[in-house]
$ cat target_27.cif   # mmCIF, C-alpha atoms and all ligand atoms
data_protein
loop_
_atom_site.label_atom_id
_atom_site.label_comp_id
_atom_site.auth_asym_id
_atom_site.auth_seq_id
_atom_site.Cartn_x
_atom_site.Cartn_y
_atom_site.Cartn_z
CA MET A 1 67.73 34.70 152.17
CA ALA A 2 64.48 35.82 153.72
CA SER A 3 63.18 37.07 150.41
CA SER A 4 63.95 33.87 148.53
CA ARG A 5 62.09 31.94 151.17
CA LEU A 6 59.25 34.38 150.79
CA LEU A 7 59.33 33.99 147.04
CA SER A 8 59.14 30.24 147.22
CA LYS A 9 56.31 30.58 149.69
CA LEU A 10 54.35 32.87 147.48
CA LEU A 11 54.93 30.90 144.30
CA GLY A 12 54.70 27.48 145.83
CA SER A 13 51.51 25.58 145.28
CA LYS A 14 51.38 23.95 148.67
CA PRO A 15 49.06 25.79 151.03
CA LYS A 16 51.00 26.95 154.02
CA THR A 17 49.80 28.56 157.15
CA LYS A 18 51.38 31.20 159.29
CA THR A 19 50.23 31.92 162.80
CA ASN A 20 51.48 32.92 166.20
CA ILE A 21 52.55 30.08 168.40
CA ARG A 22 49.53 27.94 168.86
CA VAL A 23 48.73 24.58 170.27
CA SER A 24 46.84 22.79 167.59
CA GLY A 25 43.76 20.98 168.79
CA LEU A 26 43.60 22.79 172.13
CA VAL A 27 40.36 24.61 171.45
CA LYS A 28 38.88 21.46 169.97
CA ALA A 29 39.92 19.58 173.10
CA MET A 30 38.06 22.12 175.21
CA SER A 31 34.88 21.80 173.12
CA LEU A 32 35.07 18.04 173.37
CA ALA A 33 35.64 18.12 177.13
CA ARG A 34 32.81 20.60 177.62
CA GLU A 35 30.48 18.51 175.52
CA GLN A 36 31.34 15.37 177.48
CA LEU A 37 30.95 17.07 180.83
CA THR A 38 27.55 18.40 179.78
CA SER A 39 26.21 15.09 178.57
CA GLY A 40 27.92 13.07 181.31
CA ILE A 41 30.59 10.42 180.94
CA PRO A 42 29.94 6.68 181.16
CA GLU A 43 31.73 5.07 184.08
CA ASN A 44 34.15 3.09 181.95
CA GLY A 45 35.17 6.27 180.10
CA VAL A 46 36.19 8.28 183.16
CA GLU A 47 39.83 7.17 183.21
CA GLU A 48 40.15 7.90 179.55
CA PHE A 49 38.64 11.36 180.06
CA ARG A 50 41.04 12.19 182.91
CA HIS A 51 43.94 11.05 180.81
CA PHE A 52 42.76 13.14 177.88
CA VAL A 53 42.54 16.32 179.98
CA THR A 54 45.85 15.88 181.81
CA GLN A 55 47.64 14.90 178.59
CA THR A 56 46.32 17.95 176.75
CA LEU A 57 47.44 20.23 179.59
CA ALA A 58 50.86 18.58 179.86
CA ASN A 59 51.31 18.83 176.12
CA THR A 60 50.42 22.52 176.17
CA ASP A 61 52.82 23.20 179.06
CA GLN A 62 55.53 21.40 177.12
CA ILE A 63 54.96 23.47 173.98
CA CYS A 64 55.02 26.67 176.03
CA ARG A 65 58.31 25.67 177.65
CA THR A 66 59.81 24.92 174.26
CA HIS A 67 58.88 28.38 173.00
CA LEU A 68 59.86 30.06 176.25
CA ILE A 69 56.42 31.47 176.78
CA LYS A 70 53.75 31.15 179.44
CA PRO A 71 50.30 29.73 178.68
CA GLN A 72 48.85 33.24 179.03
CA ASP A 73 51.02 34.32 176.10
CA LEU A 74 49.13 31.98 173.80
CA PRO A 75 46.49 33.48 171.51
CA ALA A 76 43.44 34.35 173.60
CA PRO A 77 41.21 31.47 172.39
CA SER A 78 43.93 28.92 173.14
CA TYR A 79 44.58 30.41 176.55
CA ARG A 80 40.89 30.34 177.40
CA ALA A 81 40.75 26.69 176.34
CA TYR A 82 43.76 25.99 178.53
CA GLN A 83 42.13 27.71 181.50
CA TYR A 84 38.92 25.81 180.93
CA LEU A 85 40.70 22.45 180.99
CA LYS A 86 42.73 23.50 183.99
CA GLN A 87 39.64 24.26 186.12
CA ILE A 88 37.95 20.91 185.50
CA ASN A 89 37.68 19.04 188.77
CA LEU A 90 38.94 15.61 187.73
CA SER A 91 37.91 14.03 191.00
CA GLN A 92 34.27 14.96 190.44
CA ILE A 93 33.34 13.95 186.95
CA PRO A 94 29.62 13.63 186.19
CA ILE A 95 29.04 9.98 185.51
CA VAL A 96 26.16 8.88 183.39
CA ASP A 97 24.50 5.50 183.31
CA LYS A 98 24.78 4.41 179.73
CA ALA A 99 21.46 2.61 179.63
CA SER A 100 19.48 5.52 180.99
CA ALA A 101 20.98 8.15 178.73
CA PRO A 102 20.65 7.41 175.07
CA VAL A 103 23.03 9.73 173.29
CA GLN A 104 20.85 11.59 170.86
CA ARG A 105 23.04 13.82 168.80
CA ILE A 106 21.21 16.73 167.26
CA ARG A 107 22.19 17.29 163.67
CA ILE A 108 21.20 19.90 161.16
CA SER A 109 22.04 18.78 157.68
CA ASN A 110 24.06 21.02 155.40
CA LEU A 111 24.68 23.63 158.06
CA ASN A 112 28.46 23.58 157.74
CA ALA A 113 28.26 23.55 153.95
CA ALA A 114 25.83 26.47 153.94
CA VAL A 115 28.08 28.53 156.18
CA ARG A 116 31.13 27.70 154.04
CA HIS A 117 29.22 28.87 150.99
CA ILE A 118 28.28 32.12 152.74
CA GLN A 119 31.94 32.66 153.72
CA GLN A 120 32.94 32.28 150.09
CA ARG A 121 30.26 34.69 148.89
CA VAL A 122 31.17 37.30 151.51
CA MET A 123 34.78 37.22 150.28
CA GLU A 124 33.66 37.63 146.67
CA VAL A 125 31.28 40.46 147.50
CA THR A 126 34.02 42.23 149.43
CA ARG A 127 36.35 42.11 146.42
CA GLU A 128 33.55 43.35 144.17
CA ILE A 129 32.85 46.30 146.44
CA TYR A 130 36.55 47.10 146.66
CA HIS A 131 36.91 47.04 142.85
CA GLY A 132 33.65 48.92 142.33
CA THR A 133 32.24 46.08 140.23
CA PRO A 134 28.72 46.87 138.96
CA GLY A 135 26.08 45.10 141.02
CA ALA A 136 28.36 44.70 144.02
CA ARG A 137 25.91 46.28 146.46
CA LYS A 138 23.08 44.18 145.07
CA HIS A 139 25.16 41.04 145.59
CA MET A 140 25.94 42.18 149.09
CA ARG A 141 22.24 42.33 149.89
CA GLU A 142 21.63 38.98 148.25
CA VAL A 143 24.21 37.35 150.49
CA GLN A 144 22.68 39.12 153.46
CA ASN A 145 19.31 37.60 152.54
CA THR A 146 20.89 34.17 152.29
CA VAL A 147 22.33 34.64 155.78
CA ALA A 148 18.93 35.66 157.16
CA GLN A 149 17.21 32.77 155.45
CA GLN A 150 19.73 30.17 156.64
CA ASN A 151 19.58 31.55 160.15
CA ALA A 152 15.78 31.45 160.18
CA TYR A 153 15.92 27.85 159.00
CA LEU A 154 18.46 27.02 161.72
CA GLN A 155 16.28 28.57 164.44
CA LEU A 156 13.26 26.71 163.14
CA MET A 157 15.07 23.39 163.15
CA LEU A 158 16.36 23.99 166.66
CA LYS A 159 12.87 24.79 167.89
CA LYS A 160 11.49 21.72 166.20
CA LYS A 161 14.12 19.55 167.86
CA LYS A 162 13.69 21.42 171.15
CA ALA A 163 17.42 22.02 171.14
CA GLU A 164 19.79 24.92 171.42
CA ILE A 165 22.92 25.77 169.53
CA VAL A 166 25.09 24.40 172.34
CA ASP A 167 23.49 20.97 171.83
CA LEU A 168 24.94 20.70 168.34
CA PRO A 169 28.27 18.95 167.70
CA PRO A 170 31.10 21.48 168.24
CA ARG A 171 31.75 22.22 164.60
CA SER A 172 28.09 22.79 163.78
CA ALA A 173 27.67 24.86 166.92
CA SER A 174 30.52 27.05 165.79
CA SER A 175 28.94 27.44 162.33
CA ALA A 176 25.56 28.17 163.87
CA LEU A 177 26.91 30.84 166.22
CA TRP A 178 28.75 32.49 163.37
CA LEU A 179 25.67 32.41 161.15
CA ASN A 180 23.67 33.91 163.97
CA TYR A 181 26.25 36.63 164.48
CA LEU A 182 26.21 37.54 160.80
CA SER A 183 22.42 37.63 160.70
CA ASP A 184 22.54 40.86 162.70
CA ASP A 185 22.49 43.62 160.07
CA GLU A 186 24.94 45.78 161.94
CA ASN A 187 27.41 42.92 162.37
CA TYR A 188 27.12 41.95 158.72
CA GLN A 189 27.79 45.49 157.56
CA THR A 190 30.77 45.84 159.89
CA VAL A 191 32.26 42.59 158.62
CA ILE A 192 31.96 43.75 155.01
CA ASP A 193 33.37 47.22 155.80
CA GLN A 194 36.34 45.78 157.65
CA LEU A 195 37.11 43.32 154.86
CA VAL A 196 36.98 46.08 152.27
CA THR A 197 39.42 48.04 154.44
CA CYS A 198 41.71 45.00 154.38
CA CYS A 199 41.62 45.01 150.57
CA GLU A 200 42.65 48.68 150.64
CA ILE A 201 45.44 48.06 153.11
CA TYR A 202 46.75 45.16 151.06
CA GLU A 203 46.66 47.16 147.83
CA ASP A 204 48.54 50.08 149.43
CA PHE A 205 51.05 47.72 150.88
CA ARG A 206 51.50 45.89 147.58
CA LYS A 207 52.09 49.11 145.65
CA LYS A 208 54.69 50.27 148.12
CA SER A 209 56.42 46.92 148.35
CA ARG A 210 56.38 46.21 144.65
CA ALA A 211 58.56 49.24 144.12
CA SER A 212 61.17 47.52 146.22
CA LYS A 213 60.36 44.18 144.56
CA ARG A 214 59.58 42.59 147.84
CA ILE A 215 56.45 40.75 146.95
CA PRO A 216 55.36 39.16 143.69
CA VAL A 217 51.93 39.87 142.32
CA LEU A 218 49.15 37.55 143.36
CA LYS A 219 46.23 36.93 141.05
CA HIS A 220 44.10 38.11 143.87
CA MET A 221 43.95 38.29 147.60
CA SER A 222 40.90 37.47 149.73
CA PHE A 223 40.13 38.26 153.32
CA GLU A 224 37.69 36.65 155.70
CA PHE A 225 36.76 36.43 159.34
CA LEU A 226 36.61 32.82 160.43
CA PRO A 227 35.88 31.28 163.81
CA MET A 228 39.11 29.42 164.65
CA SER A 229 41.63 29.01 167.42
CA ALA A 230 44.46 30.92 165.73
CA LEU A 231 44.43 34.70 165.71
CA TYR A 232 45.04 34.83 161.99
CA ARG A 233 46.14 32.61 159.16
CA TRP A 234 47.56 33.38 155.79
CA ARG A 235 48.13 31.07 152.86
CA VAL A 236 48.86 31.17 149.18
CA LYS A 237 47.79 28.61 146.67
CA ASP A 238 48.34 28.81 142.93
CA GLY A 239 48.94 32.54 143.10
CA LEU A 240 45.77 33.17 145.10
CA GLY A 241 46.21 34.56 148.55
CA GLN A 242 43.80 34.14 151.40
CA MET A 243 43.95 35.61 154.82
CA SER A 244 41.66 34.61 157.69
CA PHE A 245 41.20 36.59 160.89
CA HIS A 246 39.71 35.49 164.17
CA PRO A 247 36.30 37.22 164.43
CA GLY A 248 37.52 39.04 167.55
CA PHE A 249 39.28 41.39 165.14
CA ILE A 250 35.96 42.57 163.70
CA CYS A 251 36.16 45.54 166.08
CA ALA A 252 39.86 46.25 165.41
CA ASN A 253 41.01 49.53 163.95
CA LYS A 254 42.93 49.96 160.72
CA GLU A 255 46.30 49.96 162.41
CA ILE A 256 45.84 46.44 163.73
CA PHE A 257 44.96 45.12 160.29
CA GLU A 258 47.94 46.94 158.80
CA ILE A 259 50.20 45.25 161.30
CA ILE A 260 48.76 41.81 160.70
CA ILE A 261 48.71 42.06 156.92
CA SER A 262 52.19 43.47 156.54
CA SER A 263 53.83 41.23 159.08
CA ALA A 264 52.14 38.11 157.74
CA ILE A 265 53.18 38.80 154.18
CA LEU A 266 56.71 39.87 155.06
CA ARG A 267 56.96 37.15 157.69
CA ARG A 268 58.30 39.62 160.16
CA ASN A 269 56.27 39.92 163.25
CA SER A 270 58.48 39.95 166.31
CA LYS A 271 58.05 43.62 167.06
CA ASN A 272 54.37 43.77 166.28
CA ALA A 273 53.27 40.45 167.72
CA LEU A 274 52.86 42.13 171.07
CA LYS A 275 50.37 44.68 169.75
CA ILE A 276 48.32 41.95 168.12
CA ARG A 277 48.37 39.87 171.27
CA GLN A 278 47.42 42.85 173.39
CA PHE A 279 44.46 43.51 171.18
CA SER A 280 43.44 39.88 171.41
CA SER A 281 43.04 40.21 175.15
CA SER A 282 41.06 43.45 175.00
CA THR A 283 37.46 43.57 176.18
CA ALA A 284 36.27 44.26 172.66
CA PHE A 285 37.94 41.14 171.29
CA MET A 286 36.76 39.01 174.20
CA GLU A 287 33.16 40.03 173.80
CA ILE A 288 32.96 38.70 170.27
CA ALA A 289 34.99 35.63 171.14
CA LYS A 290 32.70 34.79 174.08
CA MET A 291 29.65 35.15 171.91
CA LEU A 292 31.07 32.89 169.20
CA GLU A 293 32.24 30.28 171.68
CA GLY A 294 28.70 29.96 172.95
CA GLU A 295 29.23 31.59 176.32
CA ILE A 296 26.45 34.01 175.62
CA ARG A 297 23.22 32.76 174.18
CA PRO A 298 22.76 34.35 170.80
CA ASP A 299 19.01 34.00 170.66
CA ASP A 300 16.40 36.22 172.20
CA ALA A 301 15.89 37.62 175.68
CA VAL A 302 12.94 35.37 176.41
CA GLY A 303 13.97 32.77 178.95
CA GLN A 304 12.09 29.74 180.12
CA PHE A 305 10.74 31.54 183.19
CA HIS A 306 11.64 35.19 182.83
CA ASP A 307 11.32 37.51 179.87
CA LEU A 308 14.15 40.04 179.92
CA ASN A 309 12.40 42.22 177.34
CA GLU A 310 9.40 42.73 179.58
CA LEU A 311 11.62 43.29 182.58
CA PHE A 312 13.59 45.90 180.70
CA GLU A 313 10.43 47.85 179.90
CA ASP A 314 9.44 47.83 183.57
CA VAL A 315 12.85 48.80 184.91
CA ASN A 316 13.30 51.50 182.30
CA GLN A 317 9.97 53.05 183.16
CA GLN A 318 10.30 52.82 186.91
CA TYR A 319 13.92 53.88 187.35
CA PHE A 320 15.04 55.66 184.20
CA ARG A 321 11.84 57.46 183.18
CA ASN A 322 12.09 55.54 179.89
CA ARG A 323 15.30 57.37 179.08
CA CYS A 324 17.55 54.34 178.96
CA GLU A 325 18.14 53.36 175.36
CA ARG A 326 17.56 49.68 174.92
CA PRO A 327 20.82 47.69 174.83
CA LYS A 328 21.00 44.14 173.46
CA ILE A 329 19.79 41.91 176.29
CA LYS A 330 20.71 38.24 176.44
CA TRP A 331 20.72 35.28 178.71
CA GLY A 332 24.11 33.73 179.40
CA SER A 333 24.57 30.11 178.40
CA ARG A 334 25.89 28.75 181.66
CA ILE A 335 25.00 28.48 185.29
CA THR A 336 27.33 30.77 187.22
CA ARG A 337 28.15 30.83 190.90
CA ARG A 338 28.68 34.44 191.85
CA LYS A 339 28.42 36.64 188.84
CA PHE A 340 24.81 37.10 187.87
CA GLY A 341 25.11 39.71 185.19
CA MET A 342 27.47 41.74 183.09
CA TYR A 343 27.42 44.73 180.83
CA LEU A 344 29.55 44.60 177.68
CA PRO A 345 30.10 48.20 176.63
CA THR A 346 31.63 47.59 173.21
CA SER A 347 28.59 45.81 171.88
CA ASP A 348 26.17 47.51 174.29
CA THR A 349 24.94 44.18 175.62
CA VAL A 350 23.56 43.16 178.98
CA VAL A 351 24.03 39.48 179.78
CA VAL A 352 22.06 37.91 182.63
CA SER A 353 23.28 34.62 184.07
CA LEU A 354 21.21 31.58 183.21
CA SER A 355 21.22 30.76 186.94
CA LEU A 356 18.42 33.30 187.34
CA ASP A 357 16.11 31.81 184.72
CA GLN A 358 14.48 29.56 187.30
CA GLN A 359 11.00 29.29 188.67
CA TYR A 360 12.18 29.82 192.26
CA VAL A 361 13.94 33.06 191.38
CA PRO A 362 11.50 35.95 191.96
CA ARG A 363 10.93 38.37 189.14
CA TYR A 364 12.20 41.33 191.18
CA VAL A 365 15.58 39.62 191.64
CA VAL A 366 16.07 39.40 187.88
CA ALA A 367 14.86 43.00 187.60
CA PHE A 368 17.46 44.03 190.18
CA ILE A 369 20.31 42.45 188.22
CA LEU A 370 19.04 44.09 185.06
CA TYR A 371 18.84 47.43 186.90
CA HIS A 372 22.41 47.02 188.16
CA GLU A 373 23.75 46.34 184.65
CA LEU A 374 21.71 49.17 183.14
CA LEU A 375 23.25 51.51 185.72
CA HIS A 376 26.63 50.53 184.32
CA LYS A 377 25.38 51.46 180.88
CA GLN A 378 23.94 54.78 182.07
CA LEU A 379 26.83 55.79 184.31
CA GLY A 380 29.45 54.73 181.84
CA MET A 381 32.10 52.10 182.13
CA LYS A 382 35.21 52.10 180.05
CA ASP A 383 36.42 48.58 180.56
CA THR A 384 34.85 45.57 182.26
CA ALA A 385 38.27 44.70 183.70
CA LYS A 386 37.93 47.81 185.83
CA ARG A 387 34.60 46.71 187.19
CA GLN A 388 35.41 47.64 190.75
CA ILE A 389 36.01 51.23 189.76
CA ALA A 390 32.66 51.17 188.01
CA HIS A 391 30.97 50.68 191.39
CA THR A 392 31.46 54.24 192.55
CA SER A 393 29.69 55.70 195.57
CA LYS A 394 27.26 57.35 193.18
CA PHE A 395 26.62 53.95 191.63
CA ARG A 396 26.00 52.33 195.01
CA GLN A 397 23.70 55.14 196.00
CA MET A 398 21.60 54.80 192.87
CA GLU A 399 21.59 51.03 193.20
CA LYS A 400 19.97 51.36 196.62
CA GLN A 401 17.03 53.17 195.04
CA PHE A 402 15.81 49.81 193.84
CA VAL A 403 12.56 49.17 195.71
CA LYS A 404 13.36 45.70 196.97
CA TYR A 405 17.09 46.30 197.25
CA ASN A 406 17.60 44.45 200.55
CA GLU A 407 15.43 41.49 199.62
CA ALA A 408 17.15 41.12 196.29
CA GLN A 409 20.61 41.30 197.84
CA ARG A 410 19.70 38.70 200.43
CA PHE A 411 18.25 36.35 197.84
CA LEU A 412 21.36 36.61 195.66
CA GLU A 413 23.70 36.03 198.60
CA LYS A 414 21.77 32.92 199.53
CA LEU A 415 21.77 31.72 195.94
CA ALA A 416 25.54 32.20 195.72
CA ARG A 417 26.02 30.21 198.94
CA THR A 418 23.80 27.29 198.05
CA ARG A 419 25.67 26.39 194.86
ZN ZN A 501 28.50 45.82 188.52
#

$ encode --input "target_27.cif" --output "structure tokens"
Amino acid sequence: MASSRLLSKLLGSKPKTKTNIRVSGLVKAMSLAREQLTSGIPENGVEEFRHFVTQTLANTDQICRTHLIKPQDLPAPSYRAYQYLKQINLSQIPIVDKASAPVQRIRISNLNAAVRHIQQRVMEVTREIYHGTPGARKHMREVQNTVAQQNAYLQLMLKKKKAEIVDLPPRSASSALWLNYLSDDENYQTVIDQLVTCCEIYEDFRKKSRASKRIPVLKHMSFEFLPMSALYRWRVKDGLGQMSFHPGFICANKEIFEIIISSAILRRNSKNALKIRQFSSSTAFMEIAKMLEGEIRPDDAVGQFHDLNELFEDVNQQYFRNRCERPKIKWGSRITRRKFGMYLPTSDTVVVSLSLDQQYVPRYVVAFILYHELLHKQLGMKDTAKRQIAHTSKFRQMEKQFVKYNEAQRFLEKLARTR
């Protein structure tokens, strides 16, 4: 019974998708809401906006009840979207006067098409590398150059329009963040390596399963990482298989891919769904997801008022005798109330809250936050969820060595109160 259904699925020409329970449109709803809250909502659209948010939440609750799950059991991106919508204060919606705020949408032509093309080429290159096709490595570098070129063009256009990625329409923003992610050589290489591993896993699996005649032969199978709300997606069309993973899996180990690939193809996932879901709420997964959802600014460390690169040099010299290896340093993309910095160990990144990139924030305050986060890097921190444990007495003692420790603390406390 199960196998005949599988057979018809594999041979059928209609593309079908297979995912964990997901609420379609939830992540899109969040992007839309965020966009509207950022640009402000015209007075006559407020009711409609409230309705939209409450309806989306009610709908999600309903779906969860039907599947006997809680919202937190949804795939991580959906759950984050749910949480985002839930925390919107519907009684205090920023209203904008239509006449005074002309809605100027920033557009970058061909961005989505360019990224789609790159996706396609990455999949092809991966298959070439897996099969040892001559010229595969050369093609890999060619695609890498295309990524760099497109990203440079994107940055140039944004500068010209005095805009940032978050100003783009949601779909373009998502493409832009992904392009930016891939333009990092290390990220690009990891993506390729992981996708080649997937080809190997699939081939192993196919050989084993073919012996028991469980799965028919596909002409070929492609793998990709794709920014999306589902954790993974698998479809077959005209004998060609394609599997997409949420980019959060870029840092997953082989076992996770084995679980996803085998359970997707055999359509058996009950036992393993938990492992996949657990991984999707790990720090490593979250870091990538946050980056690709625009929570962390992907561009450089140079803010409008403070240059984190310069500050790093100073702090490193003064407190670490230049022995702290430079992590990635980025500004966050949002104003935060209490949390002014974080250290992401998996990607070795320090993120400083955008709240501190202000003229009235003294340089030493930003330096203090940077110092605090660099201490986390130097003293080691296994998981950001265990942040409290990271603040050991040794940590606190070293933190107090900061020259203007008291002033900085007082300034930050005041800043947290005044918001
Ligand atoms: Zn800390």

$ residues_near_ligand --input "target_27.cif" --ligand "ligand ZN 501 (chain A)" --cutoff "8 Å" --atoms "all atoms listed in the file" --output "MDAnalysis selection string"
chainID A and resid 341:343 372:373 376 387:388 390:391

$ closest_atom_pairs --input "target_27.cif" --of "range 58-176 of chain A" --to "range 270-293 of chain A" --cutoff "8 Å" --atoms "all atoms listed in the file" --output "JSON lines"
{"residue": "A:Asp73", "atom": "CA", "partner": "A:Arg277", "partner_atom": "CA", "distance": 7.8}
{"residue": "A:Pro75", "atom": "CA", "partner": "A:Arg277", "partner_atom": "CA", "distance": 6.7}
{"residue": "A:Ala76", "atom": "CA", "partner": "A:Ser280", "partner_atom": "CA", "distance": 5.9}
{"residue": "A:Pro77", "atom": "CA", "partner": "A:Ala289", "partner_atom": "CA", "distance": 7.6}
{"residue": "A:Ser174", "atom": "CA", "partner": "A:Leu292", "partner_atom": "CA", "distance": 6.8}

$ atom_distance --input "target_27.cif" --atom1 "CA of Asn309 in chain A" --atom2 "CA of Phe411 in chain A"
22.1 Å

$ closest_residue --input "target_27.cif" --among "A:Asn110, A:Ser78, A:Gln194, A:Gln150" --to "Ser31 in chain A" --atoms "only C-alpha atoms"
A:Ser78

$ closest_residue --input "target_27.cif" --among "A:Glu142, A:Ser244, A:His51, A:Cys251" --to "Asn187 in chain A" --atoms "all atoms listed in the file"
A:Cys251

$ atom_distance --input "target_27.cif" --atom1 "CA of Gly40 in chain A" --atom2 "CA of Lys414 in chain A"
27.6 Å

$ residues_around --input "target_27.cif" --residues "Lys159 in chain A" --least-positions-apart "6" --cutoff "12 Å" --atoms "all atoms listed in the file" --output "number ranges by chain"
A: 106, 108, 152-153, 165, 167, 299

$ write_last_selection --input "target_27.cif" --atoms "C-alpha atoms" --output "tab-separated table (two decimals), in the frame of the given file"
chain	number	residue	atom	x	y	z
A	106	ILE	CA	21.21	16.73	167.26
A	108	ILE	CA	21.20	19.90	161.16
A	152	ALA	CA	15.78	31.45	160.18
A	153	TYR	CA	15.92	27.85	159.00
A	165	ILE	CA	22.92	25.77	169.53
A	167	ASP	CA	23.49	20.97	171.83
A	299	ASP	CA	19.01	34.00	170.66

$ closest_residue --input "target_27.cif" --among "A:Pro362, A:Pro94, A:Gly135, A:Gly239" --to "Glu35 in chain A" --atoms "all atoms listed in the file"
A:Pro94

$ atom_distance --input "target_27.cif" --atom1 "CA of Tyr360 in chain A" --atom2 "CA of Glu407 in chain A"
14.2 Å

$ closest_residue --input "target_27.cif" --among "A:Leu231, A:Ala176, A:Val53, A:Ile69" --to "Arg297 in chain A" --atoms "all atoms listed in the file"
A:Ala176

$ residues_around --input "target_27.cif" --residues "Ala148 in chain A" --least-positions-apart "6" --cutoff "12 Å" --atoms "all atoms listed in the file" --output "list in words"
Ala114, Val115, Ile118, Arg141, Glu142, Leu154, Gln155, Leu179, Asn180, Tyr181, Leu182, Ser183, Asp184, Asp185 and Tyr188 of chain A

$ closest_residue --input "target_27.cif" --among "A:Gly294, A:Pro327, A:Pro71, A:Pro170" --to "Val23 in chain A" --atoms "all atoms listed in the file"
A:Pro71

$ residues_around --input "target_27.cif" --residues "Thr54 in chain A" --least-positions-apart "3" --cutoff "12 Å" --atoms "all atoms listed in the file" --output "list in words"
Ala29, Met30, Ala33, Glu47, Glu48, Phe49, Arg50, His51, Leu57, Ala58, Asn59, Thr60, Asp61, Tyr82, Leu85, Lys86, Gln87, Ile88, Asn89 and Leu90 of chain A
